[in-house]
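Have a look at coords03.cif; it's mmCIF, N, CA and C atoms:
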```
data_entry
loop_
_atom_site.group_PDB
_atom_site.id
_atom_site.type_symbol
_atom_site.label_atom_id
_atom_site.label_comp_id
_atom_site.auth_asym_id
_atom_site.auth_seq_id
_atom_site.Cartn_x
_atom_site.Cartn_y
_atom_site.Cartn_z
ATOM 1 N N VAL A 1 177.454 241.674 82.942
ATOM 2 C CA VAL A 1 176.883 240.520 83.613
ATOM 3 C C VAL A 1 177.039 239.318 82.686
ATOM 4 N N VAL A 2 177.657 238.279 83.185
ATOM 5 C CA VAL A 2 177.890 237.061 82.394
ATOM 6 C C VAL A 2 176.557 236.356 82.165
ATOM 7 N N ARG A 3 176.296 235.988 80.925
ATOM 8 C CA ARG A 3 175.087 235.239 80.583
ATOM 9 C C ARG A 3 175.370 233.761 80.365
ATOM 10 N N ARG A 4 176.506 233.459 79.697
ATOM 11 C CA ARG A 4 176.824 232.060 79.402
ATOM 12 C C ARG A 4 178.324 231.930 79.218
ATOM 13 N N ILE A 5 178.859 230.773 79.597
ATOM 14 C CA ILE A 5 180.282 230.472 79.428
ATOM 15 C C ILE A 5 180.383 229.135 78.709
ATOM 16 N N GLN A 6 181.141 229.114 77.620
ATOM 17 C CA GLN A 6 181.305 227.886 76.838
ATOM 18 C C GLN A 6 182.790 227.584 76.691
ATOM 19 N N PRO A 7 183.306 226.564 77.398
ATOM 20 C CA PRO A 7 184.713 226.192 77.194
ATOM 21 C C PRO A 7 184.878 225.560 75.809
ATOM 22 N N ILE A 8 185.975 225.893 75.155
ATOM 23 C CA ILE A 8 186.277 225.302 73.854
ATOM 24 C C ILE A 8 187.762 224.938 73.813
ATOM 25 N N SER A 9 188.094 224.022 72.930
ATOM 26 C CA SER A 9 189.485 223.628 72.748
ATOM 27 C C SER A 9 189.935 224.087 71.366
ATOM 28 N N VAL A 10 190.975 224.909 71.355
ATOM 29 C CA VAL A 10 191.561 225.374 70.099
ATOM 30 C C VAL A 10 192.981 224.815 70.046
ATOM 31 N N HIS A 11 193.207 223.830 69.179
ATOM 32 C CA HIS A 11 194.507 223.165 69.057
ATOM 33 C C HIS A 11 194.988 222.631 70.406
ATOM 34 N N GLY A 12 194.052 222.094 71.216
ATOM 35 C CA GLY A 12 194.393 221.515 72.500
ATOM 36 C C GLY A 12 194.473 222.499 73.651
ATOM 37 N N GLN A 13 194.380 223.798 73.370
ATOM 38 C CA GLN A 13 194.421 224.829 74.412
ATOM 39 C C GLN A 13 192.981 225.207 74.766
ATOM 40 N N ILE A 14 192.642 225.171 76.065
ATOM 41 C CA ILE A 14 191.294 225.513 76.497
ATOM 42 C C ILE A 14 191.127 227.030 76.527
ATOM 43 N N SER A 15 190.089 227.496 75.864
ATOM 44 C CA SER A 15 189.680 228.896 75.887
ATOM 45 C C SER A 15 188.229 228.948 76.333
ATOM 46 N N LEU A 16 187.771 230.148 76.682
ATOM 47 C CA LEU A 16 186.392 230.325 77.102
ATOM 48 C C LEU A 16 185.702 231.326 76.183
ATOM 49 N N ASP A 17 184.548 230.939 75.672
ATOM 50 C CA ASP A 17 183.676 231.881 74.988
ATOM 51 C C ASP A 17 182.729 232.406 76.058
ATOM 52 N N VAL A 18 182.809 233.703 76.329
ATOM 53 C CA VAL A 18 181.998 234.321 77.375
ATOM 54 C C VAL A 18 180.977 235.230 76.702
ATOM 55 N N PHE A 19 179.716 235.002 77.002
ATOM 56 C CA PHE A 19 178.628 235.811 76.470
ATOM 57 C C PHE A 19 178.128 236.687 77.616
ATOM 58 N N TRP A 20 178.017 237.990 77.373
ATOM 59 C CA TRP A 20 177.732 238.929 78.447
ATOM 60 C C TRP A 20 176.924 240.115 77.953
ATOM 61 N N ILE A 21 176.325 240.840 78.896
ATOM 62 C CA ILE A 21 175.640 242.085 78.576
ATOM 63 C C ILE A 21 176.185 243.183 79.479
ATOM 64 N N ASP A 22 176.068 244.414 79.005
ATOM 65 C CA ASP A 22 176.419 245.582 79.807
ATOM 66 C C ASP A 22 175.117 246.133 80.364
ATOM 67 N N PRO A 23 174.893 246.019 81.689
ATOM 68 C CA PRO A 23 173.621 246.455 82.256
ATOM 69 C C PRO A 23 173.385 247.962 82.142
ATOM 70 N N GLU A 24 174.430 248.734 81.809
ATOM 71 C CA GLU A 24 174.275 250.180 81.660
ATOM 72 C C GLU A 24 173.795 250.580 80.264
ATOM 73 N N ASP A 25 173.778 249.628 79.317
ATOM 74 C CA ASP A 25 173.266 249.920 77.975
ATOM 75 C C ASP A 25 171.767 250.141 78.042
ATOM 76 N N ALA A 26 171.282 251.150 77.309
ATOM 77 C CA ALA A 26 169.844 251.408 77.265
ATOM 78 C C ALA A 26 169.096 250.213 76.676
ATOM 79 N N GLU A 27 169.668 249.603 75.653
ATOM 80 C CA GLU A 27 169.102 248.403 75.037
ATOM 81 C C GLU A 27 170.179 247.325 75.052
ATOM 82 N N PRO A 28 170.260 246.558 76.164
ATOM 83 C CA PRO A 28 171.340 245.566 76.279
ATOM 84 C C PRO A 28 171.307 244.534 75.153
ATOM 85 N N GLU A 29 172.479 244.248 74.625
ATOM 86 C CA GLU A 29 172.616 243.189 73.621
ATOM 87 C C GLU A 29 173.666 242.210 74.114
ATOM 88 N N ILE A 30 173.508 240.958 73.755
ATOM 89 C CA ILE A 30 174.484 239.953 74.168
ATOM 90 C C ILE A 30 175.748 240.136 73.344
ATOM 91 N N ARG A 31 176.863 240.218 74.042
ATOM 92 C CA ARG A 31 178.176 240.364 73.400
ATOM 93 C C ARG A 31 178.983 239.105 73.666
ATOM 94 N N HIS A 32 180.098 238.982 72.957
ATOM 95 C CA HIS A 32 180.900 237.764 73.028
ATOM 96 C C HIS A 32 182.369 238.132 73.145
ATOM 97 N N ALA A 33 183.075 237.400 73.985
ATOM 98 C CA ALA A 33 184.528 237.546 74.088
ATOM 99 C C ALA A 33 185.124 236.150 74.230
ATOM 100 N N ARG A 34 186.259 235.927 73.592
ATOM 101 C CA ARG A 34 186.997 234.660 73.739
ATOM 102 C C ARG A 34 188.313 234.978 74.423
ATOM 103 N N VAL A 35 188.539 234.318 75.562
ATOM 104 C CA VAL A 35 189.775 234.530 76.312
ATOM 105 C C VAL A 35 190.335 233.173 76.727
ATOM 106 N N GLY A 36 191.628 233.147 76.988
ATOM 107 C CA GLY A 36 192.236 231.947 77.531
ATOM 108 C C GLY A 36 191.732 231.723 78.950
ATOM 109 N N ALA A 37 191.689 230.486 79.384
ATOM 110 C CA ALA A 37 191.192 230.168 80.726
ATOM 111 C C ALA A 37 191.989 230.909 81.802
ATOM 112 N N GLU A 38 193.259 231.182 81.541
ATOM 113 C CA GLU A 38 194.101 231.881 82.520
ATOM 114 C C GLU A 38 193.743 233.359 82.643
ATOM 115 N N ALA A 39 192.959 233.908 81.708
ATOM 116 C CA ALA A 39 192.605 235.329 81.708
ATOM 117 C C ALA A 39 191.211 235.581 82.281
ATOM 118 N N ALA A 40 190.630 234.561 82.922
ATOM 119 C CA ALA A 40 189.288 234.696 83.492
ATOM 120 C C ALA A 40 189.289 234.148 84.919
ATOM 121 N N PRO A 41 188.379 234.643 85.761
ATOM 122 C CA PRO A 41 188.302 234.108 87.127
ATOM 123 C C PRO A 41 187.997 232.610 87.111
ATOM 124 N N ARG A 42 188.603 231.888 87.995
ATOM 125 C CA ARG A 42 188.465 230.427 88.034
ATOM 126 C C ARG A 42 187.026 229.992 88.285
ATOM 127 N N HIS A 43 186.293 230.705 89.119
ATOM 128 C CA HIS A 43 184.946 230.283 89.498
ATOM 129 C C HIS A 43 183.877 231.213 88.920
ATOM 130 N N MET A 44 184.083 231.723 87.727
ATOM 131 C CA MET A 44 183.113 232.600 87.080
ATOM 132 C C MET A 44 181.894 231.783 86.647
ATOM 133 N N GLU A 45 180.702 232.352 86.887
ATOM 134 C CA GLU A 45 179.457 231.663 86.549
ATOM 135 C C GLU A 45 178.481 232.636 85.905
ATOM 136 N N PRO A 46 177.493 232.126 85.176
ATOM 137 C CA PRO A 46 176.441 233.003 84.655
ATOM 138 C C PRO A 46 175.791 233.763 85.811
ATOM 139 N N GLY A 47 175.537 235.043 85.579
ATOM 140 C CA GLY A 47 174.959 235.905 86.605
ATOM 141 C C GLY A 47 175.985 236.741 87.341
ATOM 142 N N ASP A 48 177.280 236.371 87.234
ATOM 143 C CA ASP A 48 178.336 237.143 87.893
ATOM 144 C C ASP A 48 178.503 238.495 87.216
ATOM 145 N N THR A 49 178.768 239.517 88.034
ATOM 146 C CA THR A 49 179.124 240.831 87.512
ATOM 147 C C THR A 49 180.644 240.862 87.369
ATOM 148 N N VAL A 50 181.114 241.194 86.182
ATOM 149 C CA VAL A 50 182.547 241.168 85.891
ATOM 150 C C VAL A 50 182.978 242.464 85.215
ATOM 151 N N THR A 51 184.279 242.662 85.147
ATOM 152 C CA THR A 51 184.860 243.775 84.396
ATOM 153 C C THR A 51 185.657 243.198 83.244
ATOM 154 N N MET A 52 185.402 243.720 82.055
ATOM 155 C CA MET A 52 186.148 243.319 80.864
ATOM 156 C C MET A 52 187.303 244.302 80.679
ATOM 157 N N HIS A 53 188.513 243.797 80.599
ATOM 158 C CA HIS A 53 189.702 244.627 80.399
ATOM 159 C C HIS A 53 190.116 244.491 78.932
ATOM 160 N N TYR A 54 190.203 245.613 78.244
ATOM 161 C CA TYR A 54 190.473 245.621 76.809
ATOM 162 C C TYR A 54 191.922 245.978 76.515
ATOM 163 N N LEU A 55 192.429 245.404 75.446
ATOM 164 C CA LEU A 55 193.732 245.743 74.902
ATOM 165 C C LEU A 55 193.554 245.833 73.398
ATOM 166 N N MET A 56 193.769 247.002 72.845
ATOM 167 C CA MET A 56 193.630 247.244 71.401
ATOM 168 C C MET A 56 192.254 246.803 70.880
ATOM 169 N N GLY A 57 191.203 247.099 71.662
ATOM 170 C CA GLY A 57 189.848 246.854 71.226
ATOM 171 C C GLY A 57 189.327 245.438 71.431
ATOM 172 N N MET A 58 190.128 244.576 72.038
ATOM 173 C CA MET A 58 189.708 243.180 72.281
ATOM 174 C C MET A 58 189.767 242.907 73.783
ATOM 175 N N VAL A 59 188.877 242.061 74.270
ATOM 176 C CA VAL A 59 188.901 241.677 75.677
ATOM 177 C C VAL A 59 190.150 240.818 75.913
ATOM 178 N N ALA A 60 191.013 241.265 76.825
ATOM 179 C CA ALA A 60 192.253 240.547 77.112
ATOM 180 C C ALA A 60 192.205 239.848 78.466
ATOM 181 N N GLN A 61 191.337 240.334 79.374
ATOM 182 C CA GLN A 61 191.221 239.736 80.696
ATOM 183 C C GLN A 61 189.857 240.052 81.264
ATOM 184 N N ILE A 62 189.352 239.138 82.097
ATOM 185 C CA ILE A 62 188.082 239.329 82.787
ATOM 186 C C ILE A 62 188.343 239.173 84.276
ATOM 187 N N THR A 63 187.855 240.128 85.077
ATOM 188 C CA THR A 63 187.969 240.028 86.531
ATOM 189 C C THR A 63 186.582 240.150 87.140
ATOM 190 N N LYS A 64 186.398 239.496 88.299
ATOM 191 C CA LYS A 64 185.133 239.597 89.025
ATOM 192 C C LYS A 64 185.085 240.901 89.796
ATOM 193 N N ASP A 65 183.914 241.500 89.839
ATOM 194 C CA ASP A 65 183.735 242.731 90.621
ATOM 195 C C ASP A 65 183.543 242.398 92.087
#
```

Entire entry expressed as structure tokens:
Amino acid sequence: VVRRIQPISVHGQISLDVFWIDPEDAEPEIRHARVGAEAAPRHMEPGDTVTMHYLMGMVAQITKD
């Protein structure tokens, strides 16, 4: 579940810092992933349920459920 989205500019390229929790965790903790804007749903908002797709242990894409 997305908690907060913070757009940032890294060398002129827009990326998103996405803060989220896994509702299935017994003790949910806020986690963080940084992805390019092209790797996230265009209309993602706090409260949305999403799926994090990993590549080599890092979030590479986010899709809405």

Legend entry - segment 19-25 of chain A surroundings by only C-alpha atoms, 7 Å radius, close-in-sequence under 4 positions cut, as a PyMOL selection string: chain A and resi 1-5+29-33

Expected selection from the PyMOL selection byres ((chain A and resi 62) around 7), given as an mmCIF file with N, CA and C atoms, in the coordinates of the input:
```
data_model
loop_
_atom_site.group_PDB
_atom_site.id
_atom_site.type_symbol
_atom_site.label_atom_id
_atom_site.label_comp_id
_atom_site.auth_asym_id
_atom_site.auth_seq_id
_atom_site.Cartn_x
_atom_site.Cartn_y
_atom_site.Cartn_z
ATOM 1 N N ALA A 39 192.959 233.908 81.708
ATOM 2 C CA ALA A 39 192.605 235.329 81.708
ATOM 3 C C ALA A 39 191.211 235.581 82.281
ATOM 4 N N ALA A 40 190.630 234.561 82.922
ATOM 5 C CA ALA A 40 189.288 234.696 83.492
ATOM 6 C C ALA A 40 189.289 234.148 84.919
ATOM 7 N N PRO A 41 188.379 234.643 85.761
ATOM 8 C CA PRO A 41 188.302 234.108 87.127
ATOM 9 C C PRO A 41 187.997 232.610 87.111
ATOM 10 N N VAL A 50 181.114 241.194 86.182
ATOM 11 C CA VAL A 50 182.547 241.168 85.891
ATOM 12 C C VAL A 50 182.978 242.464 85.215
ATOM 13 N N THR A 51 184.279 242.662 85.147
ATOM 14 C CA THR A 51 184.860 243.775 84.396
ATOM 15 C C THR A 51 185.657 243.198 83.244
ATOM 16 N N MET A 52 185.402 243.720 82.055
ATOM 17 C CA MET A 52 186.148 243.319 80.864
ATOM 18 C C MET A 52 187.303 244.302 80.679
ATOM 19 N N HIS A 53 188.513 243.797 80.599
ATOM 20 C CA HIS A 53 189.702 244.627 80.399
ATOM 21 C C HIS A 53 190.116 244.491 78.932
ATOM 22 N N VAL A 59 188.877 242.061 74.270
ATOM 23 C CA VAL A 59 188.901 241.677 75.677
ATOM 24 C C VAL A 59 190.150 240.818 75.913
ATOM 25 N N ALA A 60 191.013 241.265 76.825
ATOM 26 C CA ALA A 60 192.253 240.547 77.112
ATOM 27 C C ALA A 60 192.205 239.848 78.466
ATOM 28 N N GLN A 61 191.337 240.334 79.374
ATOM 29 C CA GLN A 61 191.221 239.736 80.696
ATOM 30 C C GLN A 61 189.857 240.052 81.264
ATOM 31 N N THR A 63 187.855 240.128 85.077
ATOM 32 C CA THR A 63 187.969 240.028 86.531
ATOM 33 C C THR A 63 186.582 240.150 87.140
ATOM 34 N N LYS A 64 186.398 239.496 88.299
ATOM 35 C CA LYS A 64 185.133 239.597 89.025
ATOM 36 C C LYS A 64 185.085 240.901 89.796
#
```

Legend entry - the PyMOL selection byres ((chain A and resi 36) around 6.5) applied to the shown file, residues as a list in words: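 Written out, the selection comes to Ile14, Ser15, Leu16, Arg34, Val35, Ala37, Glu38, Ala39 and Ala40 of chain A.
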
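The gap separating atom CA of Asp65 of chain A from atom N of Thr49 of chain A is 6.5 Å, in Å to one decimal.
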
Legend entry - Between atom CA of Pro46 of chain A and atom CA of Met58 of chain A, distance in Å (one decimal): 20.8 Å

Inset, instruction - Would you work out the distance separating atom CA of Gly47 of chain A from atom CA of Pro7 of chain A, expressed in Å to one decimal? - result: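 Atom CA of Gly47 of chain A sits 16.7 Å away from atom CA of Pro7 of chain A.
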
Legend entry - Expected answer as a PyMOL selection string: strand (DSSP E or B) residues in segment 3-59 of chain A: chain A and resi 3-10+13-20+31-36+50-55+58-59
